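> Just passing along the structure, written as structure tokens.
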Amino acid sequence: MPYWDKERECMPREQLEKHQLRKLKETVFKLYAFVPAYKEKMDKVGIKPDDINSLKDLEKLPFTTKQDLRSNYPFNLFAIPMCDVVRIHSSSGTTGKPTVVGYSKKDIETWSELMARALSSAGASKYSVIQNSYGYGLFTGGLGVHYGVEKLGASVIPSSGGNTKRQIMLMQDFGTTVLTCTPSYALYIYEVMEEMGLKPSDLKLKIGIFGAEPWSERMRKEIENKLEIDAYDIYGLSEIIGPGVAIECPYKKGLHIAEDHFIAEIIDPVTEEVLPDGSQGELVITSLTKEALPIVRYRTRDLTTLDRSKCDCGRTHVRMQKIMGRSDDMVIIRGVNVFPSMVESVLLNIPGVEPHYRLIVERKGTLDQLEVQVEVSEKLFSDEVKKLELLGARITRELESTLGIGVKVRLVEPKSIERSEGKSKRVIDKRNI
Amino acid sequence: MAIQISVFLENKAGRLSHVTRILGESGINIRALSIADTSDYGILRIIVNDPAKAYKILKEAGFTVSETDVIAVQVPDSPGGLADILEQMSEEDLNIEYLYAFLGTAENDALVIFKVEDFEKARQTFPAKGIKFLDENKLYQL
């Protein structure tokens with residue numbers, strides 16, 4: 001079993017929790033002393049840093065949300081002076097003010113360690129040639145992975161996103177063995193390879209490390225079969241540190257969250273109540289070792305479950321299940337919660353259907369309607385209307401029985417649904433509520 | 001026997017003109033066509049002078065395309081000509097999925113493109129029934 005830091009990754013739970021409590025107390029003291037916004041929030045609920053004496057006491061602390069980062073735009077949540085901040089990343093801010101995150105020298109070191117750990121867990125080593133097709137720039141994906149690869153001692157090809165034909169040429173010419181990008185971009189790369197008349201055997205690609213958007217187990221199988229690689233799920237978000245917060249091990253029974261640096265909780269997204277291990281809810285993360293932007297109880301909006309049982313790989317860190325969706329990506333249609341991931345799993349169960357789909361929600365009169373657009377691949381196509389109608393009816397029936405609401409299925413031309421090189425947009429909500 | 005090219009088209013303005021333009025620019029001549037339409041999409045079925053090339057071009061342009069076996073039947077160009085043939089096919093239980101007319105004639109007969117449920121059976125029974133059909137190479141040259 002390849003470990004990057006066995007002592008940390010396999011630390012006995014008791015010792016790990018002791019370490020977590022010590023670090024949690026430090027973090028809370030620091031935030032209370034140096035970040036007025038945290039002090040204000042804690043004072044409001046009457047909590048002092050001294051009240052944190054066990055890991056259970058974490059529940060007493062207020063949550064931090066994306067809105068808090070926006071309200072304190074750009075640097076008001078930083079706990080260190082700007083002269084000690086060595087890096088700034090930011091979200092695109094398409095849905096409002098961007099969220100800004102900062103890093104000290106030690107934070108960059110921590111992040112690189114976490115990424116090196118993640119890459120090792122997925123089977124990469126100093127002998128790997130890693131093509132990093134996450135976007136470089138303000139987005140944490142590109143540079144986060146990049147520093148991890150260098151820390152690991154592997155060779156990094158900083159190809160960034162886009163220009164897919166060139167990406168493929170680089171893979172072929174440079175003998176890329178590991179690809180890092182979003183899972184939907186991996187499938188797109190395969191499509192372009194097909195168009196170029198290339199087969200997986202023309203490449204040396206063995207491993208894919210995919211993240212930055214939710215993807216299903218079915219999609220993993222599809223990527224693995226098409227590209228003939230071993231695909232690993234990686235998790236992270238810039239508010240916490242970036243990619244490398246959690247990674248799968250070769251057993252692929254959940255992603256190990258680096259618990260020596262973070263504490264994970266699951267809450268009910270509506271009542272905000274902490275849920276027991278095994279329940280599905282929103283992932284909440286507290287950082288333990290960050291200097292520039294320590295964060296307490298950050299609401300990730302990602303839906304998952306936690307499993308603290310010991311993993312066969314020997315790592316003791318808690319495992320989160322693959323992200324099932326986002327609590328803000330979820331659309332409520334006629335009172336029913338619909339996640340794009342549910343639609344995806346239904347579609348992938350129908351032979352020949354590819355996971356290129358889009359959900360359009362519209363309000364007709366007073367009634368909300370869900371339209372699911374599915375691309376017609378060559379395998380599905382027939383010159384006879386009745387066969388296509390049967391296919392449409394089958395998809396409709398299976399979606400309706402899984403989602404529990406009426407669905408209109410529209411068959412659309414291939415590649416008419418936008419392929420994203422970043423996070424794919426699965427839901428278009430046209431309701432003006 | 002002949003190859004028909006079938007293309008999936010969304011019901012959106014400009015899709016049909018796009019397909020025909022692509023074919024035209026590649027020197028493909030459309031000799032017969034029919035469109036099956038539903039509220040959301042249509043299926044364009046065409047007979048062209050060079051089906052293999054048409055298939056390749058449309059696929060490269062990103063369309064969902066398939067090749068379908070059809071039969072170009074020679075139908076006497078007189079009242080009742082088509083009815084006679086359809087009756088004979090019915091006697092043999094040969095189900096027809098769809099049919100459409102071809103632009104042009106062979107030996108003074110009209111030509112109708114048939115897509116049948118059981119292609120092999122049609123091929124075997126037509127000669128015995130005296131139903132004439134055109135060889136594909138001749139068809140594409142018409």
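A note on labels: chains of the structure tokens are A, B, ... as shown, every chain counts residues from 1, and ligands are counted from 1 in their shown order.
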Among the residues of stretch 261-340 of chain A, find those DSSP assigns to strand (DSSP E or B) from the backbone and print them as JSON, numbers by chain.
{"A": [262, 263, 264, 265, 266, 267, 274, 281, 282, 283, 284, 285, 286, 287, 298, 299, 300, 301, 302, 303, 304, 306, 307, 319, 320, 325, 326, 331, 332, 333, 336, 337, 338]}
> Return as CSV the residues of stretch 118-199 of chain A lying at most 12 Å from stretch 253-270 of chain A, together with the closest atom-to-atom pair for each and the distance in Å to one decimal, counting only C-alpha atoms, with rows in chain order and ascending residue number.

residue,atom,partner,partner_atom,distance
A:Ala118,CA,A:His256,CA,9.2
A:Ser121,CA,A:His256,CA,9.6
A:Ala122,CA,A:Leu255,CA,10.8
> Considering only C-alpha atoms, tabulate each residue of chain B that lies at most 7 Å from chain A along with its nearest interatomic pair and the corresponding distance in Å to one decimal; arrange the rows by chain and ascending residue number and present them as JSON lines.

{"residue": "B:Ser6", "atom": "CA", "partner": "A:Asp383", "partner_atom": "CA", "distance": 5.6}
{"residue": "B:Phe8", "atom": "CA", "partner": "A:Glu413", "partner_atom": "CA", "distance": 6.8}
{"residue": "B:Leu9", "atom": "CA", "partner": "A:Glu413", "partner_atom": "CA", "distance": 6.5}
{"residue": "B:Glu10", "atom": "CA", "partner": "A:Val412", "partner_atom": "CA", "distance": 5.9}
{"residue": "B:Ala36", "atom": "CA", "partner": "A:Val385", "partner_atom": "CA", "distance": 6.9}
{"residue": "B:Asp40", "atom": "CA", "partner": "A:Arg410", "partner_atom": "CA", "distance": 6.6}
{"residue": "B:Ile43", "atom": "CA", "partner": "A:Asp383", "partner_atom": "CA", "distance": 6.4}
{"residue": "B:Gly62", "atom": "CA", "partner": "A:Pro414", "partner_atom": "CA", "distance": 7.0}
{"residue": "B:Phe63", "atom": "CA", "partner": "A:Pro414", "partner_atom": "CA", "distance": 6.7}
{"residue": "B:Thr64", "atom": "CA", "partner": "A:Glu378", "partner_atom": "CA", "distance": 5.5}
{"residue": "B:Val65", "atom": "CA", "partner": "A:Glu378", "partner_atom": "CA", "distance": 6.6}
> Pull the alpha helix (DSSP H) assignments for stretch 42-140 of chain B out of DSSP run on the backbone, and list those residues as a VMD selection string.
chain B and resid 51 to 60 81 to 91 119 to 129 136 to 140
> Pull C-alpha atoms from the residues just selected and write them as a short mmCIF file (atom, residue, chain, number, x, y, z; two decimals), in the first residue's frame.

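out-v6.cif written:
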data_model
loop_
_atom_site.label_atom_id
_atom_site.label_comp_id
_atom_site.auth_asym_id
_atom_site.auth_seq_id
_atom_site.Cartn_x
_atom_site.Cartn_y
_atom_site.Cartn_z
CA PRO B 51 -23.78 6.85 -49.35
CA ALA B 52 -20.40 5.92 -47.85
CA LYS B 53 -19.07 9.43 -48.40
CA ALA B 54 -22.28 11.05 -47.15
CA TYR B 55 -22.14 8.96 -43.98
CA LYS B 56 -18.54 9.93 -43.31
CA ILE B 57 -19.12 13.63 -43.94
CA LEU B 58 -22.18 13.84 -41.72
CA LYS B 59 -20.54 11.90 -38.93
CA GLU B 60 -17.54 14.19 -39.06
CA GLY B 81 -49.27 -0.17 -59.88
CA LEU B 82 -48.32 0.43 -56.27
CA ALA B 83 -51.48 -1.26 -54.99
CA ASP B 84 -50.58 -4.47 -56.84
CA ILE B 85 -47.17 -4.60 -55.24
CA LEU B 86 -48.45 -3.81 -51.76
CA GLU B 87 -51.07 -6.56 -52.04
CA GLN B 88 -48.45 -9.11 -53.00
CA MET B 89 -46.28 -8.08 -50.09
CA SER B 90 -49.24 -8.33 -47.78
CA GLU B 91 -49.91 -11.89 -48.99
CA PHE B 119 -35.10 -7.41 -45.25
CA GLU B 120 -33.82 -10.92 -46.07
CA LYS B 121 -37.27 -12.33 -46.55
CA ALA B 122 -38.13 -9.52 -48.96
CA ARG B 123 -34.99 -10.16 -50.95
CA GLN B 124 -35.83 -13.81 -51.30
CA THR B 125 -39.53 -13.51 -52.08
CA PHE B 126 -39.54 -10.53 -54.44
CA PRO B 127 -38.15 -12.35 -57.50
CA ALA B 128 -40.70 -15.18 -57.17
CA LYS B 129 -43.49 -12.63 -56.92
CA GLU B 136 -27.86 -0.35 -55.71
CA ASN B 137 -25.08 0.58 -58.06
CA LYS B 138 -27.59 1.32 -60.77
CA LEU B 139 -29.71 3.27 -58.31
CA TYR B 140 -26.90 5.59 -57.25
#
> Determine, counting only C-alpha atoms, which protein, DNA and RNA residues have an atom within 9 Å of an atom of A:Lys430; residues of the same chain fewer than 3 positions away are not included. Present the result as an MDAnalysis selection string.
chainID A and resid 360:363
> Could you give me, as a list of chain:residue names, the residues within 9 Å of B:Thr105, counting only C-alpha atoms and dropping anything in the same chain fewer than 4 positions from it?
B:Gln74, B:Asp77, B:Asp109, B:Ala110, B:Leu111, B:Leu142
> Determine the nearest neighbour of B:Asn95 from the options B:Gly42, B:Lys115, B:Pro79, B:Ser17, counting only C-alpha atoms.
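Among the listed residues, the smallest separation from B:Asn95 belongs to B:Lys115.
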> Using only C-alpha atoms, which residue out of B:Leu134, B:Gly27, B:Phe114, B:Gly14 lies closest to B:Thr68?
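Of B:Leu134, B:Gly27, B:Phe114, B:Gly14, the one nearest B:Thr68 is B:Phe114, counting only C-alpha atoms.
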> Would you mind listing, for every residue of stretch 145-171 of chain A within 12 Å of stretch 233-251 of chain A, the two atoms forming the shortest contact and the distance between them in Å to one decimal, using only C-alpha atoms, sorted by chain and ascending residue number, as JSON lines?

{"residue": "A:Val145", "atom": "CA", "partner": "A:Pro243", "partner_atom": "CA", "distance": 6.9}
{"residue": "A:His146", "atom": "CA", "partner": "A:Pro243", "partner_atom": "CA", "distance": 10.5}
{"residue": "A:Tyr147", "atom": "CA", "partner": "A:Pro243", "partner_atom": "CA", "distance": 10.9}
{"residue": "A:Gly148", "atom": "CA", "partner": "A:Gly244", "partner_atom": "CA", "distance": 8.8}
{"residue": "A:Val149", "atom": "CA", "partner": "A:Gly244", "partner_atom": "CA", "distance": 11.6}
> Name the residues in contact with stretch 156-163 of chain A at a cut-off of 7 Å, using only C-alpha atoms, excluding same-chain residues fewer than 3 positions from it; report them as an MDAnalysis selection string.
chainID A and resid 129:136 142 146 149:150 166:167 421
> Take the selection from the previous step and output its residues with N, CA, C and O atoms, as a PDB file, in the first residue's frame.

ATOM      1  N   VAL A 129       4.402  10.604 -14.830  1.00  0.00           N
ATOM      2  CA  VAL A 129       4.364  11.837 -15.629  1.00  0.00           C
ATOM      3  C   VAL A 129       2.920  12.308 -15.544  1.00  0.00           C
ATOM      4  O   VAL A 129       2.001  11.649 -16.044  1.00  0.00           O
ATOM      5  N   ILE A 130       2.719  13.420 -14.836  1.00  0.00           N
ATOM      6  CA  ILE A 130       1.367  13.843 -14.501  1.00  0.00           C
ATOM      7  C   ILE A 130       0.950  15.061 -15.314  1.00  0.00           C
ATOM      8  O   ILE A 130       1.572  16.114 -15.231  1.00  0.00           O
ATOM      9  N   GLN A 131      -0.075  14.857 -16.133  1.00  0.00           N
ATOM     10  CA  GLN A 131      -0.592  15.970 -16.932  1.00  0.00           C
ATOM     11  C   GLN A 131      -1.722  16.620 -16.164  1.00  0.00           C
ATOM     12  O   GLN A 131      -2.749  15.996 -15.895  1.00  0.00           O
ATOM     13  N   ASN A 132      -1.504  17.884 -15.806  1.00  0.00           N
ATOM     14  CA  ASN A 132      -2.472  18.572 -14.963  1.00  0.00           C
ATOM     15  C   ASN A 132      -3.348  19.482 -15.816  1.00  0.00           C
ATOM     16  O   ASN A 132      -2.958  20.586 -16.175  1.00  0.00           O
ATOM     17  N   SER A 133      -4.558  18.986 -16.130  1.00  0.00           N
ATOM     18  CA  SER A 133      -5.454  19.740 -17.008  1.00  0.00           C
ATOM     19  C   SER A 133      -6.516  20.513 -16.226  1.00  0.00           C
ATOM     20  O   SER A 133      -7.561  20.855 -16.774  1.00  0.00           O
ATOM     21  N   TYR A 134      -6.271  20.745 -14.949  1.00  0.00           N
ATOM     22  CA  TYR A 134      -7.125  21.682 -14.225  1.00  0.00           C
ATOM     23  C   TYR A 134      -6.659  23.072 -14.621  1.00  0.00           C
ATOM     24  O   TYR A 134      -5.462  23.291 -14.865  1.00  0.00           O
ATOM     25  N   GLY A 135      -7.590  24.023 -14.643  1.00  0.00           N
ATOM     26  CA  GLY A 135      -7.230  25.378 -15.036  1.00  0.00           C
ATOM     27  C   GLY A 135      -6.238  26.016 -14.073  1.00  0.00           C
ATOM     28  O   GLY A 135      -6.395  25.928 -12.857  1.00  0.00           O
ATOM     29  N   TYR A 136      -5.214  26.628 -14.637  1.00  0.00           N
ATOM     30  CA  TYR A 136      -4.256  27.364 -13.811  1.00  0.00           C
ATOM     31  C   TYR A 136      -4.756  28.799 -13.685  1.00  0.00           C
ATOM     32  O   TYR A 136      -5.301  29.349 -14.623  1.00  0.00           O
ATOM     33  N   GLY A 142      -5.601  24.052 -10.532  1.00  0.00           N
ATOM     34  CA  GLY A 142      -4.359  23.974 -11.288  1.00  0.00           C
ATOM     35  C   GLY A 142      -3.122  24.027 -10.400  1.00  0.00           C
ATOM     36  O   GLY A 142      -2.335  23.076 -10.332  1.00  0.00           O
ATOM     37  N   HIS A 146      -0.464  21.116  -9.045  1.00  0.00           N
ATOM     38  CA  HIS A 146       0.907  21.356  -9.522  1.00  0.00           C
ATOM     39  C   HIS A 146       1.938  21.245  -8.391  1.00  0.00           C
ATOM     40  O   HIS A 146       2.926  20.524  -8.496  1.00  0.00           O
ATOM     41  N   VAL A 149       2.381  17.690  -7.147  1.00  0.00           N
ATOM     42  CA  VAL A 149       3.175  16.828  -8.020  1.00  0.00           C
ATOM     43  C   VAL A 149       4.659  17.093  -7.782  1.00  0.00           C
ATOM     44  O   VAL A 149       5.466  16.166  -7.670  1.00  0.00           O
ATOM     45  N   GLU A 150       5.019  18.370  -7.658  1.00  0.00           N
ATOM     46  CA  GLU A 150       6.429  18.691  -7.430  1.00  0.00           C
ATOM     47  C   GLU A 150       6.899  18.176  -6.074  1.00  0.00           C
ATOM     48  O   GLU A 150       8.014  17.675  -5.928  1.00  0.00           O
ATOM     49  N   ARG A 166      -4.402  19.519 -28.416  1.00  0.00           N
ATOM     50  CA  ARG A 166      -3.020  19.662 -27.971  1.00  0.00           C
ATOM     51  C   ARG A 166      -2.776  18.832 -26.717  1.00  0.00           C
ATOM     52  O   ARG A 166      -1.726  18.216 -26.546  1.00  0.00           O
ATOM     53  N   GLN A 167      -3.794  18.793 -25.831  1.00  0.00           N
ATOM     54  CA  GLN A 167      -3.675  17.976 -24.623  1.00  0.00           C
ATOM     55  C   GLN A 167      -3.348  16.522 -25.001  1.00  0.00           C
ATOM     56  O   GLN A 167      -2.484  15.884 -24.407  1.00  0.00           O
ATOM     57  N   GLU A 421     -15.161  22.453 -19.673  1.00  0.00           N
ATOM     58  CA  GLU A 421     -13.813  22.049 -19.316  1.00  0.00           C
ATOM     59  C   GLU A 421     -13.599  22.311 -17.838  1.00  0.00           C
ATOM     60  O   GLU A 421     -12.587  21.997 -17.273  1.00  0.00           O
TER      61      GLU A 421
END
> As an exercise, work out the distance from atom CA of A:Gly278 to atom CA of A:Pro12 in Å and give it to one decimal place.
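Distance reported for this atom pair: 20.9 Å.
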> Considering only C-alpha atoms, state which residue in the set A:Thr177, A:Ser184, A:Thr140, A:Thr300 is at the smallest distance from A:Phe63.
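Smallest distance to A:Phe63 is found for A:Thr300.
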> Counting only C-alpha atoms, which of B:Ala101, B:Ile71, B:Val116, B:Val48 gets nearest to B:Gly24?
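Checking each of B:Ala101, B:Ile71, B:Val116, B:Val48 against B:Gly24, counting only C-alpha atoms, the winner is B:Val48.
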> Considering only C-alpha atoms, tabulate each residue of stretch 70-173 of chain A that lies at most 12 Å from stretch 279-299 of chain A along with its nearest interatomic pair and the corresponding distance in Å to one decimal; arrange the rows by chain and ascending residue number and present them as CSV.

residue,atom,partner,partner_atom,distance
A:Asn72,CA,A:Leu293,CA,11.9
A:Pro74,CA,A:Leu293,CA,11.7
A:Phe75,CA,A:Leu293,CA,9.1
A:Asn76,CA,A:Leu293,CA,9.7
A:Leu77,CA,A:Leu293,CA,6.5
A:Phe78,CA,A:Leu293,CA,5.0
A:Ala79,CA,A:Ala292,CA,5.3
A:Ile80,CA,A:Ala292,CA,5.4
A:Pro81,CA,A:Ala292,CA,8.2
A:Met82,CA,A:Ala292,CA,8.8
A:Cys83,CA,A:Ala292,CA,10.7
A:Asp84,CA,A:Ala292,CA,8.0
A:Val85,CA,A:Ala292,CA,6.6
A:Val86,CA,A:Ala292,CA,9.3
A:Arg87,CA,A:Ala292,CA,9.6
A:Ile88,CA,A:Ala292,CA,10.0
A:His89,CA,A:Leu293,CA,11.5
A:Thr99,CA,A:Leu293,CA,11.9
A:Val100,CA,A:Leu293,CA,9.7
A:Val101,CA,A:Leu293,CA,6.7
A:Gly102,CA,A:Ala292,CA,5.7
A:Tyr103,CA,A:Ala292,CA,5.2
A:Ser104,CA,A:Ala292,CA,5.5
A:Lys105,CA,A:Glu291,CA,9.0
A:Lys106,CA,A:Glu291,CA,7.5
A:Asp107,CA,A:Lys290,CA,5.9
A:Ile108,CA,A:Lys290,CA,9.5
A:Glu109,CA,A:Lys290,CA,10.4
A:Thr110,CA,A:Lys290,CA,8.1
A:Trp111,CA,A:Lys290,CA,9.4
A:Leu114,CA,A:Thr289,CA,11.9
> Neighbours of A:Glu191 within 12 Å (only C-alpha atoms; same-chain residues fewer than 6 positions away dropped), as a list in words?
Thr164, Lys165, Ile168, Ser184, Tyr185, Gly197, Leu198, Lys199, Pro200, Ile223, Lys226, Leu227, Glu354, His356, Ser377, Pro414, Lys415 and Arg419 of chain A; Gly62 of chain B
> Restricting the calculation to only C-alpha atoms, which member of B:Ala13, B:Gln4, B:Val73, B:Leu94 is positioned closest to B:Phe133?
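So, comparing all the options, the nearest one is B:Val73.
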> Here is a test: counting only C-alpha atoms, which residue of A:Asp307, A:Glu400, A:Glu272, A:Asp50 is nearest to A:Thr27?
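Among A:Asp307, A:Glu400, A:Glu272, A:Asp50, it is A:Asp50 that comes nearest to A:Thr27.
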